[in-house]
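Source file coords_33.csv; content: CSV, C-alpha atoms.
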chain,number,residue,atom,x,y,z
A,1,ALA,CA,-71.6,11.1,7.5
A,2,HIS,CA,-68.5,11.5,9.7
A,3,ALA,CA,-68.9,8.1,11.2
A,4,LEU,CA,-69.4,6.5,7.7
A,5,LEU,CA,-66.3,8.2,6.3
A,6,ALA,CA,-64.2,7.4,9.3
A,7,ALA,CA,-65.3,3.7,8.9
A,8,ARG,CA,-64.1,3.8,5.2
A,9,ARG,CA,-67.7,3.5,3.9
A,10,VAL,CA,-66.8,6.2,1.6
A,11,ALA,CA,-69.7,6.1,-1.0
A,12,GLU,CA,-72.3,6.1,1.8
A,13,GLY,CA,-70.5,8.8,3.7
A,14,LYS,CA,-70.4,11.1,0.8
A,15,ALA,CA,-74.1,10.5,0.1
A,16,ALA,CA,-74.9,11.3,3.7
A,17,LEU,CA,-72.9,14.5,3.4
A,18,GLY,CA,-74.8,15.5,0.4
A,19,ALA,CA,-78.2,14.8,2.1
A,20,ALA,CA,-77.2,16.9,5.1
A,21,LEU,CA,-75.4,19.8,3.5
A,22,GLY,CA,-76.3,19.8,-0.2
A,23,ALA,CA,-74.9,18.0,-3.2
A,24,PRO,CA,-71.2,18.6,-4.0
A,25,ALA,CA,-70.6,21.5,-6.3
A,26,PRO,CA,-68.8,21.0,-9.6
A,27,PRO,CA,-65.0,20.8,-8.8
A,28,ARG,CA,-64.2,23.7,-11.2
A,29,ARG,CA,-66.6,26.0,-9.4
A,30,THR,CA,-65.1,25.0,-6.0
A,31,LEU,CA,-61.5,25.5,-7.3
A,32,LEU,CA,-62.3,29.0,-8.6
A,33,ARG,CA,-63.9,30.0,-5.3
A,34,PHE,CA,-60.8,28.7,-3.4
A,35,LEU,CA,-58.3,30.5,-5.7
A,36,ARG,CA,-60.1,33.8,-5.3
A,37,GLY,CA,-59.0,33.7,-1.7
A,38,PRO,CA,-60.8,34.8,1.5
A,39,ARG,CA,-63.6,37.2,0.5
A,40,PRO,CA,-67.1,37.9,1.7
A,41,GLU,CA,-69.8,35.5,0.3
A,42,PRO,CA,-73.6,35.3,1.0
A,43,ALA,CA,-74.2,32.7,3.8
A,44,ARG,CA,-74.7,29.3,2.2
A,45,LEU,CA,-75.6,27.6,5.5
A,46,ASP,CA,-77.1,28.6,8.8
A,47,LEU,CA,-74.9,28.5,11.9
A,48,ASP,CA,-75.7,24.9,12.8
A,49,GLY,CA,-75.1,23.8,9.2
A,50,ALA,CA,-71.9,25.7,9.0
A,51,GLU,CA,-70.5,24.1,12.1
A,52,LEU,CA,-71.5,20.6,10.8
A,53,ALA,CA,-69.7,21.4,7.4
A,54,LEU,CA,-66.6,22.6,9.2
A,55,ARG,CA,-66.4,19.5,11.4
A,56,ASP,CA,-66.6,17.2,8.3
A,57,ALA,CA,-64.3,19.4,6.0
A,58,ALA,CA,-61.0,17.9,7.1
A,59,LEU,CA,-62.2,14.3,7.0
A,60,ALA,CA,-63.9,14.9,3.6
A,61,ALA,CA,-60.7,16.4,2.2
A,62,TYR,CA,-58.9,13.3,3.3
A,63,PHE,CA,-60.8,11.4,0.6
A,64,ASP,CA,-61.5,14.3,-1.8
A,65,LEU,CA,-59.5,17.5,-1.4
A,66,LEU,CA,-61.9,19.8,-3.3
A,67,GLU,CA,-64.9,18.5,-1.4
A,68,GLY,CA,-63.2,19.4,1.8
A,69,VAL,CA,-62.4,22.8,0.4
A,70,ARG,CA,-66.0,23.3,-0.6
A,71,LEU,CA,-67.3,22.4,2.9
A,72,ALA,CA,-64.8,24.7,4.5
A,73,LEU,CA,-65.7,27.6,2.2
A,74,ASP,CA,-69.4,27.0,2.7
A,75,ALA,CA,-68.9,26.9,6.5
A,76,ARG,CA,-66.8,30.1,6.4
A,77,SER,CA,-69.7,31.9,4.7
A,78,GLY,CA,-72.0,30.9,7.6
A,79,PHE,CA,-69.8,32.2,10.4
A,80,VAL,CA,-69.5,35.8,9.2
A,81,GLY,CA,-71.0,38.0,12.0
A,82,ARG,CA,-71.9,34.9,14.0
A,83,ASP,CA,-68.9,32.9,15.3
A,84,PRO,CA,-65.4,34.4,14.8
A,85,ALA,CA,-63.7,31.4,16.5
A,86,LEU,CA,-65.2,28.9,14.0
A,87,GLY,CA,-64.5,31.4,11.2
A,88,ALA,CA,-60.9,31.5,12.1
A,89,TRP,CA,-60.9,27.7,12.2
A,90,ALA,CA,-62.3,27.5,8.7
A,91,ASP,CA,-59.7,30.0,7.3
A,92,SER,CA,-56.9,28.1,9.1
A,93,LEU,CA,-58.0,24.8,7.6
A,94,LEU,CA,-58.2,26.4,4.1
A,95,ALA,CA,-54.7,27.7,4.7
A,96,PHE,CA,-53.6,24.1,5.3
A,97,PHE,CA,-55.3,22.8,2.2
A,98,ALA,CA,-53.6,25.5,0.1
A,99,ARG,CA,-50.2,24.7,1.5
A,100,PHE,CA,-50.8,21.0,1.0
A,101,ALA,CA,-51.5,21.7,-2.7
A,102,GLY,CA,-48.3,23.7,-3.0
A,103,ALA,CA,-50.0,27.1,-3.2
A,104,THR,CA,-48.0,29.0,-0.6
A,105,TRP,CA,-49.2,32.4,-1.7
A,106,LEU,CA,-52.8,31.3,-1.2
A,107,SER,CA,-52.1,29.7,2.1
A,108,GLU,CA,-50.6,33.0,3.4
A,109,ARG,CA,-53.8,34.8,2.3
A,110,TYR,CA,-56.0,32.5,4.3
A,111,ARG,CA,-53.6,32.7,7.3
A,112,ARG,CA,-54.0,36.4,7.3
A,113,ALA,CA,-57.7,36.1,7.1
A,114,ALA,CA,-57.8,33.7,10.0
A,115,ALA,CA,-55.9,36.3,12.1
A,116,ARG,CA,-58.4,39.0,11.2
A,117,TRP,CA,-61.3,37.2,12.9
A,118,GLY,CA,-59.6,38.2,16.2
A,119,ALA,CA,-60.5,34.9,17.8
A,120,ASP,CA,-57.1,33.2,18.2
A,121,GLN,CA,-57.6,32.4,21.9
A,122,ALA,CA,-61.3,31.5,21.7
A,123,ARG,CA,-60.8,27.8,21.0
A,124,PRO,CA,-57.7,25.7,21.7
A,125,ILE,CA,-57.5,24.3,18.2
A,126,VAL,CA,-57.8,27.9,16.8
A,127,ALA,CA,-55.0,29.1,19.1
A,128,GLN,CA,-52.7,26.3,18.0
A,129,PHE,CA,-53.4,26.4,14.2
A,130,PRO,CA,-50.6,29.0,13.5
A,131,ALA,CA,-48.1,26.7,15.2
A,132,PHE,CA,-49.4,23.8,13.1
A,133,LEU,CA,-49.1,25.8,9.9
A,134,ASP,CA,-45.6,27.0,10.9
A,135,ALA,CA,-44.5,23.4,11.6
A,136,TYR,CA,-45.9,22.3,8.2
A,137,ASP,CA,-44.0,25.1,6.5
A,138,GLU,CA,-40.8,23.9,8.3
A,139,LEU,CA,-41.4,20.3,7.2
A,140,ARG,CA,-42.1,21.3,3.6
A,141,SER,CA,-38.9,23.4,3.5
A,142,GLY,CA,-36.9,20.5,4.9
A,143,SER,CA,-36.5,21.4,8.6
A,144,ALA,CA,-37.9,18.2,10.2
A,145,ALA,CA,-36.4,18.6,13.6
A,146,ARG,CA,-37.8,22.1,14.0
A,147,ALA,CA,-41.2,20.9,12.8
A,148,VAL,CA,-41.3,18.1,15.4
A,149,GLU,CA,-40.4,20.7,18.1
A,150,LEU,CA,-43.3,23.0,17.1
A,151,LEU,CA,-45.8,20.2,16.7
A,152,ASP,CA,-44.9,18.7,20.1
A,153,ARG,CA,-45.4,22.1,21.8
A,154,ALA,CA,-48.8,22.7,20.1
A,155,LEU,CA,-50.1,19.1,20.8
A,156,ALA,CA,-49.2,19.5,24.4
A,157,GLU,CA,-51.3,22.7,24.5
A,158,LEU,CA,-54.3,20.7,23.1
A,159,GLU,CA,-53.9,17.8,25.5
A,160,GLY,CA,-56.9,17.4,27.8
A,161,THR,CA,-59.2,19.8,25.7
A,162,PRO,CA,-62.2,18.7,23.6
A,163,ASP,CA,-60.3,19.8,20.5
A,164,ALA,CA,-57.7,17.1,21.1
A,165,ARG,CA,-60.3,14.6,19.8
A,166,SER,CA,-60.9,16.5,16.6
A,167,PHE,CA,-59.9,15.0,13.2
A,168,GLU,CA,-57.6,18.0,12.7
A,169,ALA,CA,-55.7,17.0,15.8
A,170,GLN,CA,-55.3,13.5,14.4
A,171,LEU,CA,-54.0,14.9,11.1
A,172,VAL,CA,-51.5,16.9,13.1
A,173,LEU,CA,-50.3,13.8,14.8
A,174,SER,CA,-50.0,12.2,11.4
A,175,LEU,CA,-47.9,15.2,10.3
A,176,ARG,CA,-45.7,14.8,13.4
A,177,THR,CA,-45.1,11.2,12.4
A,178,SER,CA,-44.0,12.3,9.0
A,179,ALA,CA,-41.6,14.8,10.5
A,180,VAL,CA,-40.1,12.2,12.8
A,181,ILE,CA,-39.6,9.8,9.8
A,182,LYS,CA,-37.7,12.6,8.0
A,183,THR,CA,-35.2,12.7,10.8
A,184,GLN,CA,-34.3,9.0,10.1
A,185,ARG,CA,-33.7,8.2,13.7
A,186,LEU,CA,-35.2,4.6,13.7
A,187,VAL,CA,-35.9,4.3,17.4
A,188,ASP,CA,-37.7,7.7,17.3
A,189,VAL,CA,-39.6,6.6,14.2
A,190,GLN,CA,-40.8,3.4,15.8
A,191,ALA,CA,-42.0,5.3,18.9
A,192,ALA,CA,-43.8,7.9,16.7
A,193,VAL,CA,-45.6,5.2,14.8
A,194,ALA,CA,-46.6,3.4,18.0
A,195,ARG,CA,-48.0,6.7,19.4
A,196,PHE,CA,-49.9,7.5,16.2
A,197,GLU,CA,-51.4,4.0,16.0
A,198,ALA,CA,-52.5,4.1,19.7
A,199,ASN,CA,-54.1,7.5,19.2
A,200,THR,CA,-56.0,6.6,16.0
A,201,ARG,CA,-57.3,3.4,17.7
A,202,LEU,CA,-58.4,5.5,20.7
A,203,GLN,CA,-60.2,8.0,18.5
A,204,ALA,CA,-61.7,5.2,16.3
A,205,ASP,CA,-60.7,7.1,13.2
A,206,VAL,CA,-59.9,4.1,11.0
A,207,ALA,CA,-59.6,6.4,8.0
A,208,LEU,CA,-56.2,7.4,9.3
A,209,HIS,CA,-55.0,3.8,9.5
A,210,VAL,CA,-53.5,4.1,6.0
A,211,HIS,CA,-51.1,6.6,7.3
A,212,VAL,CA,-50.2,4.4,10.2
A,213,GLU,CA,-49.5,1.5,7.8
A,214,THR,CA,-47.4,3.6,5.4
A,215,ALA,CA,-45.4,5.0,8.3
A,216,ARG,CA,-44.9,1.5,9.8
A,217,ALA,CA,-43.8,0.3,6.3
A,218,VAL,CA,-41.0,2.9,6.2
A,219,ALA,CA,-39.7,1.7,9.6
A,220,ARG,CA,-39.9,-1.9,8.5
A,221,VAL,CA,-38.0,-1.2,5.3
A,222,TRP,CA,-35.2,0.6,7.3
A,223,GLU,CA,-35.2,-2.4,9.6
A,224,GLY,CA,-34.7,-4.7,6.6
A,225,ARG,CA,-38.1,-6.3,7.1
A,226,PHE,CA,-39.2,-6.0,3.5
A,227,GLU,CA,-41.7,-8.9,3.5
A,228,ASP,CA,-43.4,-7.6,6.6
A,229,ALA,CA,-43.7,-4.1,5.1
A,230,VAL,CA,-45.4,-5.5,2.0
A,231,ARG,CA,-47.8,-7.8,4.0
A,232,GLY,CA,-48.9,-5.0,6.2
A,233,LEU,CA,-49.7,-2.7,3.3
A,234,GLU,CA,-51.5,-5.5,1.4
A,235,ARG,CA,-53.7,-6.1,4.5
A,236,ALA,CA,-54.5,-2.4,4.7
A,237,GLU,CA,-55.4,-2.3,1.0
A,238,ALA,CA,-57.6,-5.3,1.3
A,239,ALA,CA,-59.5,-3.5,4.1
A,240,TRP,CA,-60.4,-0.6,1.9
A,241,PRO,CA,-63.4,-0.6,-0.4
A,242,ALA,CA,-62.6,-1.3,-4.0
A,243,ARG,CA,-64.7,1.6,-5.2
A,244,PRO,CA,-64.4,4.4,-5.4
A,245,ARG,CA,-60.7,4.4,-6.1
A,246,LEU,CA,-59.1,6.9,-3.7
A,247,LEU,CA,-55.8,8.5,-2.9
A,248,GLN,CA,-55.4,5.9,-0.1
A,249,HIS,CA,-55.1,3.2,-2.7
A,250,LEU,CA,-52.4,5.1,-4.5
A,251,LEU,CA,-50.4,5.6,-1.2
A,252,LEU,CA,-50.6,2.0,-0.3
A,253,GLU,CA,-49.5,0.9,-3.8
A,254,ALA,CA,-46.6,3.4,-3.8
A,255,TYR,CA,-45.3,2.5,-0.4
A,256,ALA,CA,-45.6,-1.2,-1.3
A,257,ALA,CA,-43.7,-0.8,-4.6
A,258,TRP,CA,-40.5,0.2,-2.7
A,259,PRO,CA,-40.1,-3.0,-0.6
A,260,ARG,CA,-41.4,-5.2,-3.5
A,261,ALA,CA,-38.6,-3.9,-5.7
A,262,LEU,CA,-36.1,-4.6,-2.9
A,263,LEU,CA,-37.4,-8.1,-2.8
A,264,GLY,CA,-36.6,-8.6,-6.5
A,265,ASP,CA,-40.2,-8.1,-7.8
A,266,ALA,CA,-39.5,-4.8,-9.5
A,267,PRO,CA,-41.4,-5.5,-12.8
A,268,ALA,CA,-44.7,-6.3,-11.0
A,269,ALA,CA,-44.2,-3.4,-8.6
A,270,HIS,CA,-43.5,-1.1,-11.6
A,271,ASP,CA,-46.7,-2.1,-13.4
A,272,ALA,CA,-48.9,-1.8,-10.2
A,273,LEU,CA,-47.6,1.6,-9.3
A,274,ALA,CA,-47.9,2.9,-12.9
A,275,ALA,CA,-51.5,1.8,-13.0
A,276,ALA,CA,-52.3,3.4,-9.7
A,277,LEU,CA,-50.7,6.7,-10.7
A,278,ARG,CA,-52.8,7.0,-13.9
A,279,GLY,CA,-55.8,8.2,-12.0
A,280,HIS,CA,-54.0,10.5,-9.6
A,281,ARG,CA,-51.4,12.5,-11.6
A,282,ALA,CA,-52.5,15.7,-10.0
A,283,MET,CA,-51.3,14.3,-6.6
A,284,LEU,CA,-47.7,14.6,-7.9
A,285,LEU,CA,-48.0,18.4,-7.3
A,286,SER,CA,-49.2,17.9,-3.7
A,287,ALA,CA,-47.3,17.3,-0.6
A,288,TYR,CA,-47.2,13.6,-1.4
A,289,GLY,CA,-45.6,14.4,-4.8
A,290,PRO,CA,-41.9,14.1,-4.0
A,291,ILE,CA,-42.5,10.8,-2.1
A,292,LEU,CA,-44.6,9.3,-4.9
A,293,LEU,CA,-42.0,10.5,-7.5
A,294,ALA,CA,-39.1,9.0,-5.6
A,295,PHE,CA,-40.8,5.6,-5.3
A,296,SER,CA,-41.8,5.7,-8.9
A,297,ALA,CA,-38.2,6.6,-9.9
A,298,ALA,CA,-36.6,3.8,-7.9
A,299,THR,CA,-39.1,1.2,-9.1
A,300,GLU,CA,-38.7,2.4,-12.7
A,301,LEU,CA,-34.9,2.0,-12.5
A,302,ALA,CA,-35.1,-1.4,-10.8
A,303,ALA,CA,-37.6,-2.7,-13.3
A,304,HIS,CA,-35.4,-1.5,-16.2
A,305,ARG,CA,-32.4,-3.3,-14.7
A,306,ALA,CA,-34.6,-6.4,-14.4
A,307,GLY,CA,-35.3,-6.3,-18.1
A,308,HIS,CA,-38.8,-4.9,-18.1
A,309,PRO,CA,-39.5,-3.7,-21.7
A,310,SER,CA,-41.6,-0.6,-20.7
A,311,ALA,CA,-39.4,0.6,-17.9
A,312,SER,CA,-37.2,3.6,-18.8
A,313,PRO,CA,-34.1,5.0,-17.1
A,314,ARG,CA,-34.9,8.4,-18.7
A,315,ARG,CA,-38.3,8.3,-16.9
A,316,ALA,CA,-36.6,7.3,-13.7
A,317,LEU,CA,-34.2,10.2,-14.0
A,318,SER,CA,-37.0,12.6,-14.7
A,319,HIS,CA,-39.1,11.6,-11.7
A,320,ALA,CA,-36.0,11.5,-9.5
A,321,LEU,CA,-35.0,15.1,-10.5
A,322,LEU,CA,-38.5,16.3,-9.8
A,323,SER,CA,-38.5,14.6,-6.4
A,324,ALA,CA,-35.0,15.6,-5.2
A,325,GLY,CA,-35.9,19.3,-5.6
A,326,ARG,CA,-38.7,19.1,-3.1
A,327,PRO,CA,-37.8,18.1,0.5
A,328,SER,CA,-39.2,14.9,1.9
A,329,PHE,CA,-38.0,11.8,3.7
A,330,ALA,CA,-37.5,10.2,0.2
A,331,SER,CA,-35.2,12.9,-1.2
A,332,GLY,CA,-32.2,10.8,-0.6
A,333,LEU,CA,-33.7,7.9,-2.5
A,334,ALA,CA,-34.3,10.2,-5.4
A,335,ARG,CA,-30.7,11.5,-5.3
A,336,ARG,CA,-29.4,7.9,-5.3
A,337,VAL,CA,-31.5,7.1,-8.4
A,338,ILE,CA,-30.0,10.2,-10.1
A,339,ALA,CA,-26.5,9.0,-9.3
A,340,HIS,CA,-27.3,5.4,-10.5
A,341,VAL,CA,-28.7,6.6,-13.8
A,342,THR,CA,-26.0,9.2,-14.6
A,343,GLY,CA,-23.0,7.4,-13.0
A,344,ARG,CA,-22.2,10.5,-11.0
A,345,GLY,CA,-23.7,12.5,-8.2
A,346,TRP,CA,-22.7,10.3,-5.2
A,347,PRO,CA,-20.8,13.1,-3.5
A,348,ARG,CA,-23.8,15.4,-3.9
A,349,ALA,CA,-26.1,12.8,-2.4
A,350,GLU,CA,-23.7,12.5,0.6
A,351,ARG,CA,-23.5,16.2,1.1
A,352,ALA,CA,-27.2,16.6,1.0
A,353,ALA,CA,-27.7,13.8,3.6
A,354,ARG,CA,-25.2,15.5,5.9
A,355,ARG,CA,-26.8,18.9,5.4
A,356,ASP,CA,-30.3,17.4,6.2
A,357,ASP,CA,-28.9,15.3,9.1
A,358,GLN,CA,-30.3,12.1,7.6
A,359,PRO,CA,-28.1,9.2,8.7
A,360,ILE,CA,-29.8,6.5,6.7
A,361,ASP,CA,-29.5,8.3,3.4
A,362,LEU,CA,-25.9,9.2,4.2
A,363,ALA,CA,-25.0,5.5,4.9
A,364,LEU,CA,-26.8,4.3,1.8
A,365,ALA,CA,-25.1,7.0,-0.4
A,366,ILE,CA,-21.6,6.1,0.9
A,367,HIS,CA,-22.3,2.4,0.5
A,368,ALA,CA,-23.5,2.8,-3.1
A,369,ARG,CA,-20.5,4.9,-3.9
A,370,GLY,CA,-18.3,2.1,-2.4
A,371,VAL,CA,-20.1,-0.5,-4.6
A,372,ALA,CA,-19.8,1.6,-7.7
A,373,THR,CA,-16.1,2.3,-7.2
A,374,GLY,CA,-15.1,-1.0,-5.6
A,375,ASP,CA,-13.9,0.7,-2.5
A,376,ALA,CA,-14.4,-1.6,0.5
A,377,ARG,CA,-13.4,1.1,2.9
A,378,LEU,CA,-16.4,3.2,1.9
A,379,ARG,CA,-18.7,0.2,2.5
A,380,GLY,CA,-17.2,-0.2,5.9
A,381,ARG,CA,-17.8,3.5,6.7
A,382,ALA,CA,-21.4,3.1,5.7
A,383,ARG,CA,-21.9,0.1,8.0
A,384,GLU,CA,-20.5,2.1,10.9
A,385,ILE,CA,-23.1,4.8,10.4
Take the structure in the file and give it back as structure tokens.
Amino acid sequence: AHALLAARRVAEGKAALGAALGAPAPPRRTLLRFLRGPRPEPARLDLDGAELALRDAALAAYFDLLEGVRLALDARSGFVGRDPALGAWADSLLAFFARFAGATWLSERYRRAAARWGADQARPIVAQFPAFLDAYDELRSGSAARAVELLDRALAELEGTPDARSFEAQLVLSLRTSAVIKTQRLVDVQAAVARFEANTRLQADVALHVHVETARAVARVWEGRFEDAVRGLERAEAAWPARPRLLQHLLLEAYAAWPRALLGDAPAAHDALAAALRGHRAMLLSAYGPILLAFSAATELAAHRAGHPSASPRRALSHALLSAGRPSFASGLARRVIAHVTGRGWPRAERAARRDDQPIDLALAIHARGVATGDARLRGRAREI
């Protein structure tokens, strides 16, 4: 099942999981179990089955969050009184899932439960999970540089251990790449993407290649290579199975909408992104939400200015306001949409970029204010940055 999922043979992989570990539970039942928090349950799997479920939980969640949650919960029930190290791993993974979904209070409950297993030094991955979760908290709160520092330290501790090859470790490297992108230092971003790509190739986890391509697309847009960004994302999407439609399709479409709009094809980009979002509205509440909303807002505004009849500046403003209030590398894009729609807000966009130490957003905000006011000196200042 793990090999099939990693190879993007998603339907076969999910069927293999069902054959090995039981058919997936109804999503509502899994969600209720998750929201109840860490509590004793009758063992649903023996120890071997629980370990198998745990090893596939992170990868399964990559395609279906609630299925990953279900596997982690089932695994957790099988570790009670048997393997505290794997029990702590399961609770740490559940803490990450909760934080990804925006349920900070639930994440804290699972973090405390992980500590109660008393096995923090038993496995390298378990010992480093608190640092991973701290870094994720820093990233979600806007402290990208601090997140990179914590992640680098934890990944160095994993180096050379068997857990360095785990899917969780690959997700952490993906998280590190996202944190570096948020710093907006282009040379660092290019190096982070190259490291991430080399590692995923080494581990043969082709499922993560979507994140490699989206990260590379951001770097290419900042380099002004809009056509290359679109072509790379189109190749990645063509490599994915058409069915079932997954989150990965939405990410590829969203990241492609941005450079397509910059290339002057905003109406088509708007329609493609709107269609992709219809089946994934719940993802707007997740960690991907502020990025998806920023891309949607920018594409909506660009399509409206290009004369698209169904594009709405009001909708662009709504999405931008929702995005700007939640830190991400795309917060500056959302703030610039707000300023474009309202005709004000440029100084606020500049102050936020300075506060977050995001030089690309600062340069773009200053340049846009210079264009809006006709001040050539501001445009010159932006180019110097």
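Between CA of Pro290 in chain A and CA of Leu150 in chain A there is a distance of 22.9 Å.
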| query | What separation in Å, quoted to one decimal, exists between CA of His367 in chain A and CA of Arg216 in chain A? | reply | 24.5 Å
| request: Would you mind telling me which residue in A:Asp188, A:Asp152, A:Asp361, A:Asp271 lies nearest to Leu173 in chain A when using all atoms listed in the file? | output: A:Asp152
| message | I'd like the neighbourhood of Leu378 in chain A as a PyMOL selection string, where a residue qualifies if any of its atoms comes within 8 Å (using only C-alpha atoms), though same-chain residues fewer than 2 positions away should be ignored. | response | chain A and resi 366-367+369-370+375-376+380-382
| query | For Ala53 in chain A, which residue out of A:Pro26, A:Gly18, A:Pro241, A:Pro40 is the nearest one, using all atoms listed in the file? | reply | A:Gly18
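The shortest atom-to-atom distance to Leu301 in chain A, with all atoms listed in the file taken into account, belongs to A:His340 out of A:His340, A:Gly332, A:Pro327, A:Arg379.
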| field | Polymer residues at most 7 Å from Leu54 in chain A, all atoms listed in the file, same-chain spacing of 5 or more positions, as JSON, numbers by chain | value | {"A": [71, 72, 75, 90]}
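Distance check against Ser178 in chain A using only C-alpha atoms: of A:Ala95, A:Thr161, A:Phe329, A:Glu197, the minimum falls on A:Phe329.
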| query | From the list A:Ala6, A:Ala156, A:Met283, A:Ala298, which residue is nearest Arg201 in chain A when using only C-alpha atoms? | reply | A:Ala6
Could you pull the residues within 12 Å of Glu108 in chain A, counting all atoms listed in the file, minus those fewer than 2 positions along the same chain, as a short mmCIF file (atom, residue, chain, number, x, y, z; two decimals) with C-alpha atoms, keeping the file's coordinate frame?
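The resulting file, out39.cif, is reproduced below:
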data_model
loop_
_atom_site.label_atom_id
_atom_site.label_comp_id
_atom_site.auth_asym_id
_atom_site.auth_seq_id
_atom_site.Cartn_x
_atom_site.Cartn_y
_atom_site.Cartn_z
CA GLY A 37 -59.00 33.70 -1.70
CA PRO A 38 -60.80 34.80 1.50
CA ASP A 91 -59.70 30.00 7.30
CA SER A 92 -56.90 28.10 9.10
CA LEU A 93 -58.00 24.80 7.60
CA LEU A 94 -58.20 26.40 4.10
CA ALA A 95 -54.70 27.70 4.70
CA PHE A 96 -53.60 24.10 5.30
CA PHE A 97 -55.30 22.80 2.20
CA ALA A 98 -53.60 25.50 0.10
CA ARG A 99 -50.20 24.70 1.50
CA GLY A 102 -48.30 23.70 -3.00
CA ALA A 103 -50.00 27.10 -3.20
CA THR A 104 -48.00 29.00 -0.60
CA TRP A 105 -49.20 32.40 -1.70
CA LEU A 106 -52.80 31.30 -1.20
CA TYR A 110 -56.00 32.50 4.30
CA ARG A 111 -53.60 32.70 7.30
CA ARG A 112 -54.00 36.40 7.30
CA ALA A 113 -57.70 36.10 7.10
CA ALA A 114 -57.80 33.70 10.00
CA ALA A 115 -55.90 36.30 12.10
CA PRO A 130 -50.60 29.00 13.50
CA LEU A 133 -49.10 25.80 9.90
CA ASP A 134 -45.60 27.00 10.90
CA ASP A 137 -44.00 25.10 6.50
#
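Here CA of Leu321 in chain A stands at a distance of 12.1 Å from CA of Gly289 in chain A.
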| remark: In terms of all atoms listed in the file, the residue from A:Ala302, A:Ala257, A:Leu65, A:Leu262 at minimal distance from Gly224 in chain A is A:Leu262
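Residues in contact with Ser310 in chain A at 10 Å, where only C-alpha atoms are counted and same-chain residues fewer than 2 positions away are skipped, are listed as A:Pro267, A:His270, A:Asp271, A:Glu300, A:Ala303, A:His304, A:Gly307, A:His308, A:Ser312.
Taking all atoms listed in the file into account, those protein, DNA and RNA residues with any atom at most 9 Å away from (-64.9, 32.2, 14.0) amount to A:Arg76, A:Phe79, A:Val80, A:Gly81, A:Arg82, A:Asp83, A:Pro84, A:Ala85, A:Leu86, A:Gly87, A:Ala88, A:Trp89, A:Ala90, A:Asp91, A:Ala114, A:Trp117, A:Gly118, A:Ala119, A:Asp120, A:Ala122, A:Val126.
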Box for range 58-68 of chain A - axis-aligned, 4 Å on each of the six sides, all listed atoms - centre and size in Å to one decimal, as lines of an AutoDock Vina configuration file.
center_x = -61.9
center_y = 15.6
center_z = 1.9
size_x = 14.0
size_y = 16.4
size_z = 18.4
Close residues, Ala294 in chain A itself excluded, 9 Å, only C-alpha atoms, min 5 positions apart in chain, as a compact mmCIF listing (two decimals) with C-alpha atoms, keeping the file's coordinate frame:
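Once written, result-v3.txt looks like this:
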# COMPACT_ATOMS: atom_id res chain seq x y z
CA GLY A 289 -45.60 14.40 -4.80
CA THR A 299 -39.10 1.20 -9.10
CA ALA A 316 -36.60 7.30 -13.70
CA HIS A 319 -39.10 11.60 -11.70
CA ALA A 320 -36.00 11.50 -9.50
CA LEU A 321 -35.00 15.10 -10.50
CA LEU A 322 -38.50 16.30 -9.80
CA SER A 323 -38.50 14.60 -6.40
CA ALA A 324 -35.00 15.60 -5.20
CA ALA A 330 -37.50 10.20 0.20
CA SER A 331 -35.20 12.90 -1.20
CA GLY A 332 -32.20 10.80 -0.60
CA LEU A 333 -33.70 7.90 -2.50
CA ALA A 334 -34.30 10.20 -5.40
CA ARG A 335 -30.70 11.50 -5.30
CA VAL A 337 -31.50 7.10 -8.40
